[in-house]
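Source file: my_file06.pdb (PDB, C-alpha atoms)
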MODEL        1
ATOM      1  CA  MET X   1     123.046 175.790 171.587
ATOM      2  CA  SER X   2     122.577 176.130 167.838
ATOM      3  CA  VAL X   3     120.195 179.068 168.362
ATOM      4  CA  LEU X   4     122.791 180.871 170.490
ATOM      5  CA  LEU X   5     125.547 180.069 167.985
ATOM      6  CA  ALA X   6     123.446 181.449 165.130
ATOM      7  CA  ALA X   7     122.834 184.649 167.092
ATOM      8  CA  ALA X   8     126.530 184.949 168.005
ATOM      9  CA  ALA X   9     127.528 184.487 164.370
ATOM     10  CA  GLU X  10     125.048 187.168 163.331
ATOM     11  CA  ALA X  11     126.635 189.567 165.850
ATOM     12  CA  ALA X  12     130.180 188.615 164.795
ATOM     13  CA  LEU X  13     129.957 188.802 161.016
ATOM     14  CA  PRO X  14     129.499 192.589 160.712
ATOM     15  CA  VAL X  15     132.610 193.094 162.854
ATOM     16  CA  LEU X  16     134.653 190.671 160.778
ATOM     17  CA  ARG X  17     133.374 192.147 157.499
ATOM     18  CA  ALA X  18     134.664 195.563 158.544
ATOM     19  CA  VAL X  19     138.252 194.409 159.193
ATOM     20  CA  ARG X  20     140.590 196.007 156.662
ATOM     21  CA  ASP X  21     143.827 194.465 155.406
ATOM     22  CA  ASP X  22     145.818 197.308 156.967
ATOM     23  CA  GLN X  23     144.422 196.281 160.397
ATOM     24  CA  LEU X  24     145.572 192.660 160.328
ATOM     25  CA  ALA X  25     148.847 193.345 162.152
ATOM     26  CA  ARG X  26     147.206 195.301 164.990
ATOM     27  CA  PRO X  27     147.479 193.962 168.543
ATOM     28  CA  THR X  28     144.400 192.478 170.200
ATOM     29  CA  PRO X  29     143.318 192.035 173.824
ATOM     30  CA  CYS X  30     144.724 188.488 173.425
ATOM     31  CA  ALA X  31     148.398 189.404 173.770
ATOM     32  CA  GLU X  32     149.584 186.327 171.857
ATOM     33  CA  TYR X  33     147.510 187.210 168.779
ATOM     34  CA  ASP X  34     147.458 190.057 166.327
ATOM     35  CA  VAL X  35     144.211 190.529 164.372
ATOM     36  CA  ARG X  36     145.253 188.141 161.585
ATOM     37  CA  ALA X  37     146.309 185.381 163.994
ATOM     38  CA  LEU X  38     143.128 185.841 166.023
ATOM     39  CA  LEU X  39     140.951 185.588 162.907
ATOM     40  CA  ASN X  40     142.791 182.411 161.886
ATOM     41  CA  HIS X  41     142.318 181.029 165.403
ATOM     42  CA  LEU X  42     138.604 181.825 165.366
ATOM     43  CA  PHE X  43     138.237 180.288 161.903
ATOM     44  CA  HIS X  44     140.001 177.136 163.120
ATOM     45  CA  VAL X  45     137.769 176.912 166.198
ATOM     46  CA  VAL X  46     134.595 177.291 164.125
ATOM     47  CA  VAL X  47     135.681 174.435 161.849
ATOM     48  CA  ALA X  48     137.038 172.164 164.610
ATOM     49  CA  PHE X  49     133.943 172.466 166.792
ATOM     50  CA  GLN X  50     131.805 171.184 163.927
ATOM     51  CA  THR X  51     133.767 167.945 164.281
ATOM     52  CA  LEU X  52     133.323 167.957 168.052
ATOM     53  CA  ALA X  53     129.548 168.345 167.634
ATOM     54  CA  ALA X  54     129.656 165.065 165.689
ATOM     55  CA  LYS X  55     131.431 163.435 168.681
ATOM     56  CA  LYS X  56     134.715 163.096 166.784
ATOM     57  CA  ASP X  57     138.162 164.308 167.785
ATOM     58  CA  ALA X  58     139.417 167.616 166.413
ATOM     59  CA  ASP X  59     143.039 168.510 165.745
ATOM     60  CA  PHE X  60     144.189 171.586 167.650
ATOM     61  CA  SER X  61     147.905 170.931 167.162
ATOM     62  CA  ARG X  62     148.267 173.730 164.614
ATOM     63  CA  THR X  63     146.188 176.618 163.337
ATOM     64  CA  PRO X  64     145.879 176.767 159.548
ATOM     65  CA  ASP X  65     146.317 180.115 157.784
ATOM     66  CA  ARG X  66     142.770 180.284 156.418
ATOM     67  CA  LEU X  67     143.107 183.969 155.569
ATOM     68  CA  GLY X  68     146.109 183.167 153.400
ATOM     69  CA  GLU X  69     144.449 180.091 151.930
ATOM     70  CA  TYR X  70     141.207 181.840 150.958
ATOM     71  CA  GLY X  71     142.542 185.337 150.258
ATOM     72  CA  THR X  72     139.783 187.860 149.664
ATOM     73  CA  ARG X  73     137.169 185.081 150.000
ATOM     74  CA  TRP X  74     138.056 184.275 153.615
ATOM     75  CA  LEU X  75     135.004 186.032 155.058
ATOM     76  CA  ASP X  76     132.604 184.226 152.731
ATOM     77  CA  ARG X  77     134.200 180.939 153.765
ATOM     78  CA  PHE X  78     134.049 181.922 157.427
ATOM     79  CA  ALA X  79     130.343 182.759 157.103
ATOM     80  CA  ALA X  80     129.734 179.389 155.428
ATOM     81  CA  GLU X  81     131.646 177.587 158.174
ATOM     82  CA  THR X  82     129.680 179.356 160.919
ATOM     83  CA  ALA X  83     126.482 178.214 159.189
ATOM     84  CA  ARG X  84     127.876 174.653 159.222
ATOM     85  CA  LEU X  85     128.750 175.074 162.901
ATOM     86  CA  VAL X  86     125.162 176.057 163.678
ATOM     87  CA  GLU X  87     123.882 173.049 161.694
ATOM     88  CA  ALA X  88     126.308 170.708 163.450
ATOM     89  CA  TRP X  89     125.108 171.782 166.897
ATOM     90  CA  ALA X  90     121.451 171.592 165.793
ATOM     91  CA  ALA X  91     121.829 167.938 164.807
ATOM     92  CA  PRO X  92     119.906 165.496 167.007
ATOM     93  CA  GLY X  93     122.143 164.335 169.857
ATOM     94  CA  ALA X  94     124.817 167.001 169.387
ATOM     95  CA  GLU X  95     124.261 168.304 172.916
ATOM     96  CA  ASP X  96     123.982 164.849 174.488
ATOM     97  CA  GLY X  97     126.678 162.800 176.160
ATOM     98  CA  LEU X  98     130.391 163.500 176.021
ATOM     99  CA  THR X  99     132.244 165.074 173.124
ATOM    100  CA  GLY X 100     135.398 163.860 171.415
ATOM    101  CA  GLY X 101     138.773 163.546 173.079
ATOM    102  CA  MET X 102     137.878 166.413 175.404
ATOM    103  CA  ASN X 103     135.643 164.003 177.336
ATOM    104  CA  LEU X 104     133.450 166.906 178.428
ATOM    105  CA  PRO X 105     129.671 167.230 178.372
ATOM    106  CA  ALA X 106     128.658 168.132 174.839
ATOM    107  CA  ARG X 107     126.678 171.195 175.908
ATOM    108  CA  THR X 108     129.776 172.526 177.700
ATOM    109  CA  VAL X 109     131.806 172.037 174.529
ATOM    110  CA  GLY X 110     129.163 173.864 172.521
ATOM    111  CA  ALA X 111     129.305 176.720 175.016
ATOM    112  CA  MET X 112     133.092 176.819 174.596
ATOM    113  CA  VAL X 113     132.784 177.624 170.885
ATOM    114  CA  LEU X 114     130.068 180.135 171.743
ATOM    115  CA  LEU X 115     132.538 181.773 174.125
ATOM    116  CA  ASP X 116     135.225 181.973 171.432
ATOM    117  CA  LEU X 117     132.809 183.366 168.863
ATOM    118  CA  THR X 118     131.492 185.983 171.281
ATOM    119  CA  VAL X 119     134.638 187.058 173.105
ATOM    120  CA  HIS X 120     136.962 186.937 170.101
ATOM    121  CA  SER X 121     134.500 189.036 168.116
ATOM    122  CA  TRP X 122     134.778 191.604 170.913
ATOM    123  CA  ASP X 123     138.588 191.251 170.728
ATOM    124  CA  VAL X 124     138.565 191.949 166.981
ATOM    125  CA  ALA X 125     136.147 194.845 167.403
ATOM    126  CA  ARG X 126     138.363 196.426 170.062
ATOM    127  CA  ALA X 127     141.517 195.919 168.015
ATOM    128  CA  THR X 128     139.952 197.534 164.956
ATOM    129  CA  GLY X 129     138.033 200.321 166.675
ATOM    130  CA  GLN X 130     134.541 198.959 166.047
ATOM    131  CA  PRO X 131     131.475 198.694 168.242
ATOM    132  CA  TYR X 132     130.336 195.231 169.270
ATOM    133  CA  VAL X 133     127.096 194.140 170.892
ATOM    134  CA  PRO X 134     126.871 190.455 171.817
ATOM    135  CA  ALA X 135     123.814 188.486 170.835
ATOM    136  CA  ASP X 136     120.959 188.321 173.327
ATOM    137  CA  GLY X 137     121.224 185.390 175.696
ATOM    138  CA  CYS X 138     124.872 184.633 174.976
ATOM    139  CA  VAL X 139     126.463 186.516 177.857
ATOM    140  CA  ALA X 140     124.309 184.838 180.527
ATOM    141  CA  GLU X 141     125.128 181.400 179.098
ATOM    142  CA  LEU X 142     128.810 182.286 178.944
ATOM    143  CA  ARG X 143     129.024 183.672 182.458
ATOM    144  CA  ALA X 144     127.750 180.313 183.697
ATOM    145  CA  LEU X 145     130.374 178.518 181.587
ATOM    146  CA  VAL X 146     133.209 180.746 182.811
ATOM    147  CA  ALA X 147     132.114 180.259 186.433
ATOM    148  CA  GLN X 148     132.221 176.497 185.879
ATOM    149  CA  MET X 149     135.353 176.230 183.714
ATOM    150  CA  GLY X 150     137.297 179.291 184.867
ATOM    151  CA  PRO X 151     139.618 177.644 187.417
ATOM    152  CA  THR X 152     140.616 174.905 184.980
ATOM    153  CA  ALA X 153     140.960 177.381 182.108
ATOM    154  CA  ARG X 154     143.286 179.519 184.233
ATOM    155  CA  LYS X 155     145.451 176.521 185.133
ATOM    156  CA  MET X 156     145.718 175.721 181.409
ATOM    157  CA  ASN X 157     146.542 179.376 180.595
ATOM    158  CA  VAL X 158     143.395 179.717 178.492
ATOM    159  CA  PHE X 159     142.137 182.529 180.753
ATOM    160  CA  ALA X 160     144.188 185.034 182.702
ATOM    161  CA  GLU X 161     143.309 185.838 186.290
ATOM    162  CA  PRO X 162     139.998 187.694 186.606
ATOM    163  CA  LEU X 163     140.184 191.465 186.684
ATOM    164  CA  PRO X 164     138.126 193.733 188.931
ATOM    165  CA  VAL X 165     135.215 195.647 187.451
ATOM    166  CA  PRO X 166     133.536 198.709 188.902
ATOM    167  CA  PRO X 167     130.148 198.378 190.602
ATOM    168  CA  GLY X 168     127.351 198.473 188.055
ATOM    169  CA  ALA X 169     129.512 197.146 185.208
ATOM    170  CA  GLY X 170     127.532 195.608 182.370
ATOM    171  CA  ASP X 171     127.269 191.860 181.902
ATOM    172  CA  LEU X 172     129.638 191.839 178.918
ATOM    173  CA  ASP X 173     132.280 193.765 180.874
ATOM    174  CA  VAL X 174     131.943 191.318 183.765
ATOM    175  CA  LEU X 175     132.284 188.345 181.403
ATOM    176  CA  LEU X 176     135.368 189.859 179.796
ATOM    177  CA  ALA X 177     136.945 190.557 183.175
ATOM    178  CA  GLU X 178     136.189 186.987 184.287
ATOM    179  CA  THR X 179     138.264 185.734 181.331
ATOM    180  CA  GLY X 180     141.114 188.053 182.326
ATOM    181  CA  ARG X 181     140.395 190.752 179.739
ATOM    182  CA  ASP X 182     140.352 194.432 180.497
ATOM    183  CA  PRO X 183     136.939 195.641 179.263
ATOM    184  CA  GLN X 184     138.494 199.081 178.701
ATOM    185  CA  TRP X 185     141.334 197.734 176.504
ATOM    186  CA  THR X 186     142.182 199.772 173.415
ATOM    187  CA  ALA X 187     144.727 199.234 170.668
ATOM    188  CA  GLY X 188     146.312 202.477 171.906
TER
ENDMDL
END
As structure tokens, please, write out the structure in this file.
Amino acid sequence: MSVLLAAAAEAALPVLRAVRDDQLARPTPCAEYDVRALLNHLFHVVVAFQTLAAKKDADFSRTPDRLGEYGTRWLDRFAAETARLVEAWAAPGAEDGLTGGMNLPARTVGAMVLLDLTVHSWDVARATGQPYVPADGCVAELRALVAQMGPTARKMNVFAEPLPVPPGAGDLDVLLAETGRDPQWTAG
């Protein structure tokens, strides 16, 4: 999992580096988030899932304003936290057993943060008019996760209902549609 997380972070960081301050209020494919809120959510997930890798409970009751807290240094901090995330999931035993209060298999929990890092990077790229190419190997891993967790995620309103995709759609488009995203979404 740590290898996939490192690759996903490497694909995400150029997108995040290119976000301008004047783009922070733009809508995203996640209707409940603008770019700023989505970046804060992603930052929170990256930090919280380090704790889950250590088999401890993480607090998801509120999302800290990391962009406000770190100001112009937020991206450097985010990059450092993604490196810590990779280290946390590379630790011996991180993928074994059950994880934290979620009481889910640890590898599944690791794939959940991989999903956030991959899909939310696409969300940010779409919202800010940037290209995004997911890291090799991530989409296949994530399609398996979404197939497994999708029904529960939909009941919990984490995913919307899957959307249709045309025949021959690429794997990323299929993954996005399976999470309820329109692969053709634009900030309009």
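Residue neighbourhood of Thr99 (chain X), excluding near-sequence residues (fewer than 4 positions): Leu52, Lys55, Asn103, Leu104 and Ala106 of chain X, at 6 Å, using only C-alpha atoms.
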(message) Restricting the calculation to only C-alpha atoms: of X:Ala12, X:Ala48, X:Ala187, X:Leu176, which residue gets closest to Thr128 (chain X)?
(response) X:Ala187
(message) Please determine, counting only C-alpha atoms, which residue among X:Ala53, X:Val46, X:Ala11, X:Val174 has the shortest atom-to-atom distance to Ala135 (chain X).
(response)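 The answer is X:Ala11, which sits nearest to Ala135 (chain X).
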(request) Would you kindly translate the PyMOL selection byres ((chain X and resi 3-6) around 12) into the concrete residues it picks from this file, as number ranges by chain? (result) X: 1-2, 7-13, 46, 49-50, 79-91, 107, 110-118, 134-142
(message) Report, in Å to a single decimal, how far apart CA of Trp122 (chain X) and CA of Gly150 (chain X) are.
(response)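 For CA of Gly150 (chain X) relative to CA of Trp122 (chain X), the distance reads 18.8 Å.
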(request) Could you check which of X:Asp123, X:Glu161, X:Glu178, X:Asp96 is closest to Leu16 (chain X), using only C-alpha atoms? (result)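 Nearest candidate to Leu16 (chain X) out of X:Asp123, X:Glu161, X:Glu178, X:Asp96: X:Asp123.
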(message) Starting from the PyMOL selection byres ((chain X and resi 173) around 12), expand the selection into actual residues of this file and give them as a PyMOL selection string.
(response) chain X and resi 119+122+132-134+139-140+143+162-172+174-185
(request) Give the answer as one residue: which of X:Cys30, X:Arg17, X:Lys56, X:Gln130 has the shortest atom-to-atom distance to Val158 (chain X), using only C-alpha atoms? (result)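 Ranking X:Cys30, X:Arg17, X:Lys56, X:Gln130 by distance to Val158 (chain X), first place goes to X:Cys30.
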(request) Run through the PyMOL selection byres ((chain X and resi 28) around 9) on the given coordinates and return the selected residues as a PyMOL selection string. (result) chain X and resi 26-27+29-35+38+123-124+126-128+185-187
Need the axis-aligned box for region 64-68 of chain X with 5 Å each side, so what are the centre and edges in Å to one decimal, as JSON?
{"center_x": 144.5, "center_y": 180.4, "center_z": 156.5, "size_x": 13.5, "size_y": 17.2, "size_z": 16.1}
(request) Mind giving me the straight-line distance from CA of Ala58 (chain X) to CA of Val109 (chain X) in Å, one decimal? (result)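 According to the coordinates, CA of Ala58 (chain X) and CA of Val109 (chain X) are separated by 12.0 Å.
Using all atoms listed in the file, the smallest distance between any of X:Tyr70, X:Pro14, X:Phe159, X:Pro105 and Val146 (chain X) comes from X:Phe159.
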(message) Can you measure CA of Thr51 (chain X) to CA of Ala94 (chain X) for me? One decimal in Å is fine.
(response)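 CA of Thr51 (chain X) sits 10.3 Å away from CA of Ala94 (chain X).
Between Gly97 (chain X) and the residues X:Arg73, X:Ala54, X:Phe60, X:Leu24, the shortest atom-to-atom distance, using only C-alpha atoms, involves X:Ala54.
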